Structures are given as structure tokens and as C-alpha cells.
>>> print(open('start-v6.cif').read())   # mmCIF, C-alpha atoms
data_query
loop_
_atom_site.label_atom_id
_atom_site.label_comp_id
_atom_site.auth_asym_id
_atom_site.auth_seq_id
_atom_site.Cartn_x
_atom_site.Cartn_y
_atom_site.Cartn_z
CA MET A 18 85.71 142.86 89.82
CA THR A 19 81.97 142.67 90.38
CA ILE A 20 80.34 139.26 90.39
CA THR A 21 76.61 138.66 90.24
CA LEU A 22 75.21 135.46 91.73
CA THR A 23 71.75 134.18 92.39
CA VAL A 24 71.80 132.90 95.96
CA ASN A 25 68.68 131.12 97.16
CA ARG A 26 66.70 132.72 94.33
CA GLU A 27 67.85 136.26 95.17
CA GLU A 28 70.33 138.20 93.06
CA ARG A 29 73.42 139.12 95.07
CA ILE A 30 76.44 141.16 94.08
CA PHE A 31 80.00 140.67 95.33
CA SER A 32 82.71 143.26 94.72
CA GLY A 33 86.09 142.08 95.89
CA ASP A 34 88.90 139.68 95.11
CA PRO A 35 87.44 137.21 92.59
CA ARG A 36 89.68 134.47 93.97
CA THR A 37 87.78 134.54 97.28
CA PRO A 38 86.30 131.09 98.02
CA LEU A 39 82.53 131.02 97.74
CA VAL A 40 82.22 129.81 101.33
CA ASP A 41 83.80 133.05 102.57
CA VAL A 42 81.52 135.16 100.41
CA LEU A 43 78.49 133.35 101.79
CA ARG A 44 79.57 133.56 105.42
CA ASP A 45 81.46 136.86 105.65
CA HIS A 46 79.71 138.99 103.06
CA LEU A 47 76.19 137.58 102.82
CA ARG A 48 75.99 136.45 106.48
CA MET A 49 74.74 133.02 105.54
CA THR A 50 76.56 131.03 108.18
CA GLY A 51 74.77 127.73 107.67
CA THR A 52 77.51 126.78 105.22
CA LYS A 53 80.53 125.81 107.36
CA ALA A 54 84.19 126.41 106.61
CA VAL A 55 86.05 123.50 108.21
CA CYS A 56 88.85 121.68 106.34
CA ARG A 57 89.04 124.07 103.39
CA GLU A 58 90.32 121.32 101.13
CA GLY A 59 87.21 119.60 99.88
CA PHE A 60 87.50 116.56 102.12
CA CYS A 61 85.02 117.19 104.92
CA GLY A 62 81.92 118.30 103.00
CA ALA A 63 80.79 120.87 105.59
CA CYS A 64 80.82 123.67 103.02
CA MET A 65 78.67 121.86 100.45
CA VAL A 66 76.26 124.01 98.43
CA HIS A 67 74.46 123.49 95.15
CA VAL A 68 75.85 125.35 92.15
CA ASP A 69 73.47 125.19 89.21
CA GLY A 70 71.92 122.18 90.91
CA ALA A 71 75.09 120.16 91.62
CA PRO A 72 76.61 119.70 95.10
CA MET A 73 79.98 121.46 95.20
CA ALA A 74 82.57 122.13 97.90
CA SER A 75 82.30 125.91 98.22
CA CYS A 76 85.75 126.19 99.84
CA LEU A 77 87.30 125.26 96.48
CA LEU A 78 85.22 127.55 94.27
CA PRO A 79 86.67 130.98 93.52
CA VAL A 80 83.68 133.28 93.39
CA GLY A 81 84.92 134.93 90.20
CA SER A 82 84.36 131.67 88.31
CA LEU A 83 80.71 131.71 89.31
CA ASP A 84 79.49 134.93 87.73
CA GLY A 85 75.87 134.27 86.70
CA ALA A 86 75.59 130.97 88.59
CA ALA A 87 72.65 129.91 90.76
CA VAL A 88 73.74 128.93 94.26
CA THR A 89 71.55 127.19 96.82
CA THR A 90 72.72 127.01 100.42
CA ILE A 91 71.31 125.18 103.41
CA GLU A 92 69.26 128.31 104.16
CA GLY A 93 67.48 127.93 100.83
CA VAL A 94 67.11 124.21 100.38
CA ALA A 95 63.70 124.13 102.10
CA THR A 96 61.47 126.34 104.21
CA MET A 97 61.27 126.52 108.00
CA GLU A 98 57.70 125.22 107.80
CA HIS A 99 58.46 122.32 105.47
CA LEU A 100 61.81 120.64 105.87
CA ASN A 101 62.97 118.55 102.94
CA ALA A 102 63.08 114.76 103.21
CA VAL A 103 66.72 114.60 104.32
CA GLN A 104 66.31 117.29 106.98
CA GLN A 105 63.15 115.60 108.24
CA ALA A 106 64.81 112.18 108.38
CA PHE A 107 67.75 113.57 110.36
CA GLU A 108 65.36 115.19 112.81
CA ASP A 109 63.09 112.15 113.09
CA HIS A 110 66.04 109.85 113.81
CA ASP A 111 67.66 112.37 116.16
CA VAL A 112 71.05 112.00 114.52
CA VAL A 113 72.36 115.55 114.86
CA GLN A 114 74.88 116.34 117.59
CA CYS A 115 77.13 119.37 117.18
CA GLY A 116 75.60 120.22 113.83
CA MET A 117 78.77 121.30 112.07
CA CYS A 118 78.64 118.65 109.37
CA PHE A 119 74.89 118.38 108.86
CA PRO A 120 74.25 121.30 106.50
CA GLY A 121 76.75 119.76 104.10
CA MET A 122 75.20 116.32 104.47
CA VAL A 123 71.77 117.72 103.72
CA MET A 124 73.06 119.42 100.57
CA THR A 125 74.87 116.30 99.34
CA MET A 126 72.08 113.87 100.02
CA SER A 127 69.19 116.10 98.91
CA ARG A 128 70.65 116.07 95.44
CA PHE A 129 71.57 112.38 95.66
CA PHE A 130 67.97 111.35 96.34
CA GLN A 131 66.76 113.35 93.34
CA THR A 132 68.72 111.05 91.05
CA ASN A 133 68.75 107.81 93.07
CA THR A 134 65.28 106.83 94.14
CA SER A 135 66.04 103.49 95.75
CA PRO A 136 69.68 103.31 96.75
CA ASP A 137 70.99 100.49 98.92
CA ARG A 138 73.08 101.02 102.04
CA ASP A 139 76.41 100.77 100.20
CA GLU A 140 75.34 103.32 97.62
CA ILE A 141 74.37 105.74 100.37
CA LYS A 142 77.71 105.20 102.09
CA ALA A 143 79.55 105.80 98.81
CA ALA A 144 77.61 109.02 98.26
CA MET A 145 78.48 110.14 101.80
CA THR A 146 82.24 109.56 101.55
CA GLY A 147 82.87 113.27 101.15
CA ASN A 148 80.89 114.25 104.26
CA ILE A 149 82.75 113.64 107.48
CA CYS A 150 81.17 113.60 110.97
CA ARG A 151 83.36 113.47 114.04
CA CYS A 152 80.61 113.25 116.69
CA THR A 153 78.10 110.60 115.93
CA GLY A 154 79.51 107.66 114.08
CA TYR A 155 77.73 107.09 110.82
CA GLU A 156 75.34 104.19 111.21
CA ARG A 157 72.39 106.16 112.57
CA ILE A 158 72.89 108.75 109.87
CA ILE A 159 72.74 105.97 107.29
CA ASP A 160 69.67 104.54 109.05
CA ALA A 161 68.00 107.94 108.72
CA LEU A 162 68.88 108.16 105.04
CA MET A 163 67.67 104.61 104.43
CA SER A 164 64.33 105.56 105.94
CA ILE A 165 63.80 108.07 103.14
CA ARG A 166 63.98 105.27 100.65
CA THR A 167 61.76 103.04 102.75
CA ASN A 168 59.17 105.76 103.18
CA GLU A 169 59.13 106.43 99.47
CA VAL A 170 58.79 102.77 98.64
CA THR A 171 55.94 102.24 101.10
CA SER A 172 54.04 105.46 100.43
CA MET B 67 101.54 150.49 90.26
CA ASP B 68 99.64 147.52 88.86
CA ILE B 69 99.01 148.21 85.18
CA THR B 70 97.93 144.72 84.10
CA PRO B 71 94.66 144.72 82.16
CA TYR B 72 93.76 141.39 83.75
CA PRO B 73 91.67 141.02 86.89
CA LYS B 74 92.97 138.63 89.57
CA LEU B 75 90.75 135.95 88.04
CA PHE B 76 90.51 136.12 84.27
CA LEU B 77 87.70 134.17 82.60
CA ALA B 78 89.10 133.09 79.25
CA ASN B 79 86.43 132.67 76.59
CA ASP B 80 88.58 130.60 74.26
CA LEU B 81 91.97 128.93 74.08
CA ASN B 82 93.71 131.85 72.38
CA GLU B 83 92.57 134.26 75.08
CA ALA B 84 93.93 131.91 77.73
CA LEU B 85 97.24 131.42 75.95
CA ARG B 86 97.71 135.16 75.40
CA ALA B 87 97.00 135.88 79.06
CA LEU B 88 99.44 133.21 80.19
CA ARG B 89 102.17 134.53 77.93
CA GLU B 90 101.65 138.16 78.96
CA LEU B 91 101.46 137.45 82.67
CA ALA B 92 104.16 134.75 82.66
CA ASP B 93 105.08 133.65 86.19
CA SER B 94 102.49 135.87 87.84
CA ALA B 95 99.64 133.72 86.45
CA ILE B 96 98.54 130.11 86.71
CA PRO B 97 95.89 128.21 84.74
CA LEU B 98 92.78 127.27 86.71
CA ALA B 99 91.01 124.06 85.69
CA GLY B 100 88.94 122.32 88.38
CA ALA B 101 90.41 124.53 91.13
CA THR B 102 90.77 121.66 93.60
CA TRP B 103 94.56 122.03 93.85
CA VAL B 104 95.05 125.74 93.22
CA MET B 105 92.46 126.81 95.80
CA ARG B 106 94.29 124.91 98.51
CA ALA B 107 97.50 126.88 98.02
CA PRO B 108 97.11 128.70 101.38
CA LEU B 109 97.03 125.34 103.20
CA ARG B 110 100.36 124.50 101.59
CA CYS B 111 101.68 127.89 102.77
CA GLU B 112 102.02 129.09 99.18
CA THR B 113 101.64 132.83 99.36
CA ALA B 114 102.29 133.85 95.72
CA ASP B 115 99.72 136.44 94.64
CA ARG B 116 99.06 134.94 91.22
CA THR B 117 96.37 135.73 88.69
CA LEU B 118 94.13 132.78 87.96
CA ILE B 119 93.45 132.15 84.27
CA ASP B 120 90.12 130.37 84.48
CA LEU B 121 89.66 127.87 81.64
CA SER B 122 86.20 126.67 82.67
CA ARG B 123 84.34 128.53 79.91
CA ILE B 124 86.27 126.84 77.10
CA GLU B 125 83.65 124.22 76.29
CA ALA B 126 85.81 122.56 73.62
CA LEU B 127 88.12 121.30 76.37
CA ARG B 128 85.32 119.32 78.05
CA THR B 129 84.37 116.91 75.29
CA ILE B 130 84.95 113.16 75.38
CA ASN B 131 84.77 111.15 72.14
CA ILE B 132 85.27 107.41 71.96
CA ASP B 133 85.39 105.43 68.74
CA GLN B 134 86.97 102.13 67.71
CA GLN B 135 90.41 103.66 67.14
CA GLU B 136 90.86 105.99 70.07
CA ALA B 137 89.35 107.77 73.05
CA VAL B 138 89.88 111.52 72.99
CA ILE B 139 89.35 113.29 76.29
CA GLY B 140 89.36 117.07 76.72
CA ALA B 141 91.66 118.35 79.44
CA LEU B 142 88.76 119.89 81.35
CA ALA B 143 86.73 116.67 81.53
CA THR B 144 86.04 115.95 85.17
CA HIS B 145 86.71 112.68 86.94
CA GLU B 146 82.94 112.15 87.18
CA GLN B 147 82.45 112.70 83.44
CA ILE B 148 85.29 110.33 82.59
CA ALA B 149 84.07 107.59 84.92
CA ASN B 150 80.63 107.77 83.33
CA ALA B 151 81.78 108.07 79.72
CA LEU B 152 84.31 105.21 79.88
CA ASN B 153 82.13 102.82 81.84
CA GLY B 154 81.87 99.44 80.10
CA TYR B 155 84.98 99.61 77.92
CA ASN B 156 87.34 96.79 78.99
CA ASP B 157 90.47 98.37 77.55
CA LEU B 158 89.76 101.75 79.18
CA ALA B 159 88.62 100.36 82.52
CA ALA B 160 91.79 101.45 84.35
CA LEU B 161 91.04 105.08 83.63
CA ALA B 162 87.31 104.71 84.34
CA GLN B 163 88.06 103.10 87.71
CA ALA B 164 90.79 105.61 88.60
CA ALA B 165 88.42 108.48 87.84
CA GLY B 166 85.47 106.86 89.59
CA HIS B 167 87.23 106.14 92.89
CA SER B 168 89.49 109.12 93.43
CA ALA B 169 88.91 111.48 96.38
CA ASN B 170 85.16 111.85 96.98
CA PRO B 171 82.05 112.55 94.87
CA ALA B 172 82.23 116.35 95.17
CA ILE B 173 85.90 116.46 94.22
CA ARG B 174 85.27 114.10 91.31
CA ARG B 175 82.60 116.53 90.12
CA MET B 176 85.15 119.38 90.03
CA ALA B 177 88.63 117.94 89.48
CA THR B 178 89.77 117.65 85.86
CA ILE B 179 92.04 115.22 84.07
CA GLY B 180 94.21 118.11 82.91
CA GLY B 181 94.71 119.37 86.44
CA ASN B 182 95.49 115.88 87.67
CA ILE B 183 98.25 115.48 85.09
CA CYS B 184 99.73 118.98 85.21
CA THR B 185 100.06 119.29 88.99
CA ALA B 186 103.70 118.33 89.43
CA GLU B 187 103.55 118.39 93.23
CA PHE B 188 100.73 115.82 93.40
CA ALA B 189 102.49 112.46 93.60
CA ALA B 190 99.34 110.45 94.37
CA ALA B 191 97.23 111.42 91.35
CA ASP B 192 95.14 108.43 90.29
CA LEU B 193 94.73 109.27 86.62
CA VAL B 194 98.45 109.51 85.86
CA PRO B 195 99.35 105.80 86.24
CA ALA B 196 96.15 104.89 84.39
CA LEU B 197 97.15 107.07 81.44
CA LEU B 198 100.68 105.64 81.48
CA ALA B 199 99.33 102.09 81.44
CA LEU B 200 96.95 102.93 78.59
CA ASP B 201 99.76 104.51 76.55
CA ALA B 202 98.05 107.90 76.29
CA ARG B 203 99.44 110.78 74.26
CA LEU B 204 98.97 114.38 75.24
CA GLU B 205 98.08 117.22 72.91
CA ILE B 206 99.60 120.51 74.01
CA GLU B 207 98.70 123.86 72.49
CA GLY B 208 100.71 127.07 72.48
CA LEU B 209 100.45 130.34 70.60
CA ASP B 210 102.98 128.88 68.17
CA GLY B 211 100.96 125.76 67.41
CA SER B 212 100.24 122.35 68.86
CA ARG B 213 102.30 119.24 69.49
CA THR B 214 101.76 115.77 70.91
CA GLN B 215 103.83 114.07 73.55
CA THR B 216 103.86 110.73 75.35
CA MET B 217 102.86 110.68 78.99
CA ALA B 218 106.36 109.57 80.01
CA ALA B 219 108.02 112.46 78.16
CA PHE B 220 105.55 114.94 79.62
CA LEU B 221 106.11 113.68 83.17
CA GLU B 222 109.87 113.86 82.77
CA ALA B 223 109.75 117.57 81.95
CA ARG B 224 106.66 118.47 83.99
CA ALA B 225 108.26 120.05 87.03
CA THR B 226 110.18 122.58 84.97
CA ARG B 227 107.74 123.26 82.13
CA ALA B 228 106.63 126.82 81.44
CA HIS B 229 102.95 127.53 81.95
CA THR B 230 102.66 129.35 78.63
CA ASP B 231 101.36 126.21 76.90
CA LEU B 232 98.17 124.37 77.75
CA LEU B 233 97.34 120.69 77.76
CA THR B 234 94.22 120.42 75.62
CA ARG B 235 93.44 116.74 74.97
CA LEU B 236 94.42 113.20 75.91
CA ILE B 237 94.41 110.62 73.14
CA ILE B 238 94.22 106.97 74.16
CA PRO B 239 94.56 104.23 71.53
CA ARG B 240 91.81 101.61 71.68
CA THR B 241 93.06 98.02 72.04
CA GLN B 242 91.83 94.47 72.62
CA ARG B 243 93.37 94.52 76.08
CA THR B 244 91.72 94.54 79.47
CA SER B 245 92.75 96.94 82.21
CA THR B 246 92.13 97.89 85.80
CA HIS B 247 93.23 100.30 88.53
CA ALA B 248 93.88 99.60 92.22
CA ARG B 249 94.58 102.05 95.01
CA LEU B 250 95.34 101.72 98.70
CA THR B 251 94.20 104.39 101.13
CA LEU B 252 94.71 104.34 104.88
CA ARG B 253 91.04 105.21 105.42
CA LYS B 254 88.13 104.78 103.06
CA ALA B 255 86.86 108.33 102.89
CA GLY B 256 88.68 110.60 100.52
CA ASP B 257 92.31 109.89 101.39
CA TYR B 258 95.12 110.17 98.91
CA PRO B 259 96.38 106.69 98.05
CA VAL B 260 99.68 105.63 99.60
CA ALA B 261 100.17 103.60 96.43
CA ASN B 262 98.18 103.16 93.24
CA LEU B 263 98.63 100.96 90.24
CA SER B 264 97.17 100.53 86.76
CA VAL B 265 97.44 97.35 84.72
CA SER B 266 96.67 96.76 81.04
CA ILE B 267 97.16 93.24 79.66
CA ALA B 268 96.54 91.16 76.59
CA LEU B 269 95.99 87.43 76.86
CA GLY B 270 97.39 84.97 74.34
CA ALA B 271 97.22 81.21 73.91
CA GLY B 272 95.98 79.32 76.93
CA GLY B 273 94.95 82.47 78.71
CA LYS B 274 98.56 83.49 79.38
CA ILE B 275 99.64 87.12 79.43
CA SER B 276 101.08 88.07 76.04
CA ALA B 277 101.57 91.81 76.58
CA ALA B 278 101.44 94.06 79.63
CA THR B 279 101.83 97.67 80.64
CA VAL B 280 101.81 98.44 84.34
CA ALA B 281 102.28 101.83 85.97
CA VAL B 282 102.64 102.80 89.61
CA GLY B 283 101.81 106.11 91.27
CA ALA B 284 102.30 107.61 94.73
CA VAL B 285 105.25 105.34 95.56
CA GLU B 286 107.76 107.79 94.10
CA ALA B 287 107.39 111.52 93.48
CA VAL B 288 106.40 110.89 89.86
CA ALA B 289 104.39 107.93 88.55
CA LYS B 290 106.24 105.55 86.25
CA ARG B 291 106.00 102.30 84.32
CA TRP B 292 106.98 99.14 86.22
CA THR B 293 108.98 97.63 83.37
CA GLY B 294 110.63 94.78 85.24
CA PHE B 295 107.26 93.49 86.40
CA GLU B 296 105.78 93.94 82.92
CA GLU B 297 108.48 91.68 81.46
CA ALA B 298 108.35 89.15 84.30
CA ILE B 299 104.62 88.41 83.96
CA ILE B 300 104.69 87.61 80.23
CA GLY B 301 103.74 83.99 79.66
CA HIS B 302 102.05 83.54 83.02
CA ALA B 303 98.36 83.12 83.74
CA PRO B 304 97.02 86.28 85.39
CA SER B 305 96.25 84.70 88.76
CA PRO B 306 96.39 87.16 91.67
CA GLU B 307 98.61 84.85 93.74
CA LYS B 308 101.17 84.36 91.00
CA MET B 309 101.21 88.05 90.12
CA GLN B 310 101.76 88.95 93.79
CA MET B 311 104.69 86.52 94.01
CA ILE B 312 106.31 87.98 90.91
CA ALA B 313 105.73 91.54 92.16
CA LYS B 314 107.72 90.77 95.32
CA THR B 315 110.76 90.04 93.18
CA CYS B 316 110.53 93.29 91.17
CA LEU B 317 110.47 95.95 93.87
CA GLU B 318 114.06 97.11 93.39
CA GLU B 319 112.92 99.46 90.63
CA PHE B 320 111.40 101.76 93.24
CA ASP B 321 112.81 104.17 95.77
CA GLY B 322 109.87 104.70 98.13
CA ARG B 323 108.82 108.26 98.87
CA ASP B 324 108.74 109.35 102.52
CA ALA B 325 105.83 111.69 103.28
CA THR B 326 103.51 112.49 106.16
CA ASP B 327 100.90 109.92 105.12
CA ALA B 328 103.32 106.99 104.84
CA PRO B 329 107.04 106.19 104.80
CA GLY B 330 108.70 104.95 101.65
CA TRP B 331 109.26 101.40 102.89
CA TYR B 332 105.54 101.02 103.58
CA ARG B 333 104.60 102.01 100.03
CA LEU B 334 106.89 99.26 98.72
CA ARG B 335 105.62 96.74 101.24
CA VAL B 336 102.00 97.12 100.13
CA LEU B 337 102.70 97.09 96.40
CA PRO B 338 102.56 93.28 95.88
CA GLY B 339 99.22 93.19 97.71
CA LEU B 340 97.96 95.94 95.48
CA VAL B 341 99.00 93.86 92.47
CA ALA B 342 96.95 90.96 93.83
CA ASN B 343 93.96 93.27 94.27
CA ALA B 344 94.28 94.55 90.72
CA PHE B 345 94.38 91.07 89.20
CA SER B 346 91.50 89.93 91.40
CA THR B 347 89.47 92.83 90.05
CA LEU B 348 90.50 91.91 86.51
CA GLN B 349 89.29 88.37 87.03
CA GLU B 350 86.01 89.49 88.58
CA THR B 351 85.25 92.14 85.99
CA THR B 352 86.87 92.64 82.63
CA LEU B 353 88.52 89.23 82.19
CA GLY B 354 85.26 87.64 83.24
CA ARG B 355 83.42 89.64 80.59
CA ALA B 356 86.04 88.99 77.96
CA MET B 357 86.00 85.23 78.41
#
>>> encode(input="start-v6.cif", output="C-alpha cells")
Amino acid sequence: MTITLTVNREERIFSGDPRTPLVDVLRDHLRMTGTKAVCREGFCGACMVHVDGAPMASCLLPVGSLDGAAVTTIEGVATMEHLNAVQQAFEDHDVVQCGMCFPGMVMTMSRFFQTNTSPDRDEIKAAMTGNICRCTGYERIIDALMSIRTNEVTS
Amino acid sequence: MDITPYPKLFLANDLNEALRALRELADSAIPLAGATWVMRAPLRCETADRTLIDLSRIEALRTINIDQQEAVIGALATHEQIANALNGYNDLAALAQAAGHSANPAIRRMATIGGNICTAEFAAADLVPALLALDARLEIEGLDGSRTQTMAAFLEARATRAHTDLLTRLIIPRTQRTSTHARLTLRKAGDYPVANLSVSIALGAGGKISAATVAVGAVEAVAKRWTGFEEAIIGHAPSPEKMQMIAKTCLEEFDGRDATDAPGWYRLRVLPGLVANAFSTLQETTLGRAM
């Protein structure tokens, strides 16, 4: 079965078992290793990508269901020259340690801030419940995300 | 030699295509709704090489319609869709809250109400007790026609049902009641509940409970109505403290389920507290609005 996807605005073709999880297609076939395969059950958020604009756990998506879909991964969410607001906030607040969970966090929260322009701290925490970090503790991550709102409000 | 005309993932364009594929492939196929349970089969050491019959392109199964008589929810409606669509309806609040607090945002975006109900191995599903408490009926379609069934009857036969029929819609009667859902997880982020509970009540003279349906999930392998508690709370004011006291006297209906996340005795131990939480929420939200 041949499946055609648009990944980061480029058309890509996968020929193989259509039940293969999208995360494995991205990492093993397309060599896009920014998307991490960790828990493989949708709980940790490390494999988050956008499918037709919505954050989805790519470990739970059989690629055969996605024929014709537009997928954005961490490699395509911004450019190297211009990080998006979430990436920039994480860098500015120096919140990244091992880095395993951060691509997923960026994908989740990039979309979140497109639809929630002035969230409070609890709303950010609720949005982040599906993204688990085992290095840092969460408060500085939340501080970084709160700064996006503050910057927007004050700019 | 494999002579099946179906690929390992078959995208059904309509219900008849899906039903035909399921009948022809029988035990070698399984319906795929939100994929959040089926795709984790390797983690459960399930090695069956089954064809996935993907229902996601059947748009008719996604619709949600609410009028004054009933709420009709397509089996492929996601938890996120349901939480949004049912927001603000007092009588349907149990289902809205169950859908809006299950798992995590990404799972709620994918997981469907049909998958939640049909997965016999998933004891901690949040939507099942909510649908029991709201007296939902299920519409099931086969190549031979359709039929409706109560939630209780469906759950009783669920583990042994053939996968040649498909759940298509949930039909929930609208009422003047208020409802809520409570769940207890060991951690906040994404855990399965060790116990969950849905309550739907009507208040009569003097603000006393005149009718009640209460259902409990995760405590036993299959969610069920808590009939002894339902009867015991009639005529009482819905105060959290009183409800918790009564709940402590009605626990003998349950045989707690031992599993890796919690032992059976613990699930029973927390149930009265969960009752108090549910009635606190009722007082803060729907009862407050209704008064």
C-alpha cells in the first residue's frame, strides 16, 4: 500500500505496512528524528506532530489512515533563523535539559497559543498534561510559556 | 498464500463497506476508530496480525445533534468534540465532564466514544459510567439491519460479541435532571482513574433527591449501576457529607478489581470520597445554576 503525505510542505511517499505508526515512518523512513518515540501509548507527548493543523500523538496514528494528510514536525514548525515563540521562550528561559520531551512540548503549545491568546497558568498546565518531562520539573517551563503571553500583552 | 483483497489497513468509505469487510475478514479484522487502544496492542503483548478496518472516513458517524428530546452522538465523535458540544447542558454534564477530563488533550482529540464503549478490556473508561447514568441507548448496525440496545445489555454481552456489527450512534434522552462525573487518578497527568463515578439526579420538594441514577467504573472489570446507593439517597438533600456517609453503607455491591495501578480494596475505600467530590461539584456547578 502506497501512502502519500505532505510532510513539512514536501510531498513524501511511504510504501510499506499501512499500520506502521507515523512516528516510525518519520524517524526510520524519512530520517526526521526530532519527533521522539518514548512511551508509545500517547501519554508522554514526545511524539507530538501536527496533522492537518492539530497536535496528535504520532505513535498512535497508523500511517495508512493519513493518506493525503498534511503533517508538520518539529523540523518544520519554524526556521533555524527564526524560532517560533515557544521555541524562543524555552531558549530564553534556559529550560531545556536532555531535550527528549521538548519537541513535543513545542508542537503542543505552538498550536495552543494560536487559539488561546491570553491563557492563565492553570490553563497552560491543563494544556501541558499530555507532555511529560522527567528532568526539569515543570515550573520553569510554565514560566517560559507564561512569558509568551506577557510579551504579547505588553507588545 | 494471502488472497484477501483487503490491504492491512482498509479505509472504508461508508458503513456498508466497513460492514462487508468485517464480515468477510471475520476474526482476522478489527474496526479502527480513534486508534488509541488498537495501536497499543504491541505494548499489551498482543501479536495478532489483524487487518484494521478504518472507519475514520465515515463522516456520518461523527455528528452530534442535541434537541429538547434527545442528544444523538455519532460513534466516531471524539472526547474533545463531545466535551465542547455538551458544554452547558445540566442534564448531560456527566458526559461532558467525563469526555473533557479523560486522559490528556491529545488523546481526547483522537479517542472516540464508540471506541471507549466497545473496548471490553478497558475497565477504566470514563464515558461508560456517564452513559449508564444518563440512560443512553446504543444503535448498532449490521448488514442485516439496525437495532437499539441499552448500555447495560450491551455491556453484559460486550466481551463475547462478534465484530461483524458496528456501534453507530448513542441516543441519550434529555431530562430535567442535573448530572456530574468524578474520577480519581493517582497522578494528575493522564492516568487511568482507579475509580470513576457518574451521578444524575432530580430534586423534588424541599430540594430533596427524588430520582437518581449512579454508575461506577474502574472498580470492577465492567462499569455498572450502583442501585443500592441510588435507592438509599432518595429523599435526602444532596449534601456531599450525607452522600458520603450513605455511600459507606452501600459498598457491598462491589467486588474490587485488583490490577497493577491499584488493589481492589483501595478502589472501594476511595469510592465514598469520590461520591463527596461528585456532589460537591454538583453543588458548585449544575445545582447552583438550576437553583
>>> resolve_selection(input="start-v6.cif", expression="the PyMOL selection byres ((chain A) within 6 of (chain B))", output="list in words")
Pro35, Glu58, Met73, Leu77, Thr146 and Gly147 of chain A
>>> atom_distance(input="start-v6.cif", atom1="CA of Val280 in chain B", atom2="CA of Ala225 in chain B")
22.7 Å
>>> atom_distance(input="start-v6.cif", atom1="CA of Pro306 in chain B", atom2="CA of Ala165 in chain B")
23.1 Å
>>> resolve_selection(input="start-v6.cif", expression="the PyMOL selection byres ((chain A and resi 155-160) around 10)", output="JSON, numbers by chain")
{"A": [106, 107, 110, 111, 112, 113, 119, 122, 138, 139, 141, 142, 145, 149, 150, 151, 152, 153, 154, 161, 162, 163, 164, 165]}
>>> resolve_selection(input="start-v6.cif", expression="the PyMOL selection byres ((chain A and resi 89) around 6)", output="list in words")
Val24, Asn25, Val66, His67, Val88, Thr90 and Gly93 of chain A
>>> atom_distance(input="start-v6.cif", atom1="CA of Val138 in chain B", atom2="CA of Pro239 in chain B")
8.8 Å
>>> closest_residue(input="start-v6.cif", among="B:Ile275, B:Leu250, B:Leu233, B:Val265", to="Val336 in chain B", atoms="all atoms listed in the file")
B:Leu250
>>> residues_near_point(input="start-v6.cif", point="(107.4, 121.4, 88.6)", cutoff="7 Å", atoms="all atoms listed in the file", output="VMD selection string")
chain B and resid 186 to 187 224 to 227
>>> build_atoms(input="start-v6.cif", residues="range 274-292 of chain B", atoms="N, CA and C atoms", output="short mmCIF file (atom, residue, chain, number, x, y, z; two decimals), in the frame of the given file")
data_model
loop_
_atom_site.label_atom_id
_atom_site.label_comp_id
_atom_site.auth_asym_id
_atom_site.auth_seq_id
_atom_site.Cartn_x
_atom_site.Cartn_y
_atom_site.Cartn_z
N LYS B 274 97.34 82.92 78.79
CA LYS B 274 98.56 83.49 79.38
C LYS B 274 98.75 84.94 78.93
N ILE B 275 99.43 85.70 79.75
CA ILE B 275 99.64 87.12 79.43
C ILE B 275 100.63 87.23 78.27
N SER B 276 100.21 87.92 77.21
CA SER B 276 101.08 88.07 76.04
C SER B 276 101.66 89.48 75.93
N ALA B 277 101.05 90.44 76.59
CA ALA B 277 101.57 91.81 76.58
C ALA B 277 101.06 92.50 77.84
N ALA B 278 101.86 93.39 78.39
CA ALA B 278 101.44 94.06 79.63
C ALA B 278 102.07 95.45 79.74
N THR B 279 101.27 96.39 80.18
CA THR B 279 101.83 97.67 80.64
C THR B 279 101.28 97.92 82.03
N VAL B 280 102.17 98.25 82.93
CA VAL B 280 101.81 98.44 84.34
C VAL B 280 102.47 99.73 84.81
N ALA B 281 101.72 100.57 85.47
CA ALA B 281 102.28 101.83 85.97
C ALA B 281 101.91 102.02 87.43
N VAL B 282 102.80 102.65 88.16
CA VAL B 282 102.64 102.80 89.61
C VAL B 282 102.73 104.29 89.97
N GLY B 283 101.79 104.74 90.79
CA GLY B 283 101.81 106.11 91.27
C GLY B 283 101.92 106.16 92.78
N ALA B 284 102.25 107.31 93.29
CA ALA B 284 102.30 107.61 94.73
C ALA B 284 103.51 107.02 95.45
N VAL B 285 104.09 105.99 94.90
CA VAL B 285 105.25 105.34 95.56
C VAL B 285 106.47 106.24 95.46
N GLU B 286 106.68 106.81 94.29
CA GLU B 286 107.76 107.79 94.10
C GLU B 286 107.12 109.16 93.81
N ALA B 287 107.93 110.16 93.68
CA ALA B 287 107.39 111.52 93.48
C ALA B 287 106.64 111.65 92.15
N VAL B 288 107.06 110.86 91.17
CA VAL B 288 106.40 110.89 89.86
C VAL B 288 106.04 109.46 89.47
N ALA B 289 104.83 109.27 88.97
CA ALA B 289 104.39 107.93 88.55
C ALA B 289 105.27 107.43 87.41
N LYS B 290 105.42 106.10 87.34
CA LYS B 290 106.24 105.55 86.25
C LYS B 290 105.80 104.13 85.92
N ARG B 291 106.24 103.69 84.73
CA ARG B 291 106.00 102.30 84.32
C ARG B 291 106.82 101.37 85.20
N TRP B 292 106.29 100.17 85.45
CA TRP B 292 106.98 99.14 86.22
C TRP B 292 107.47 98.10 85.22
#
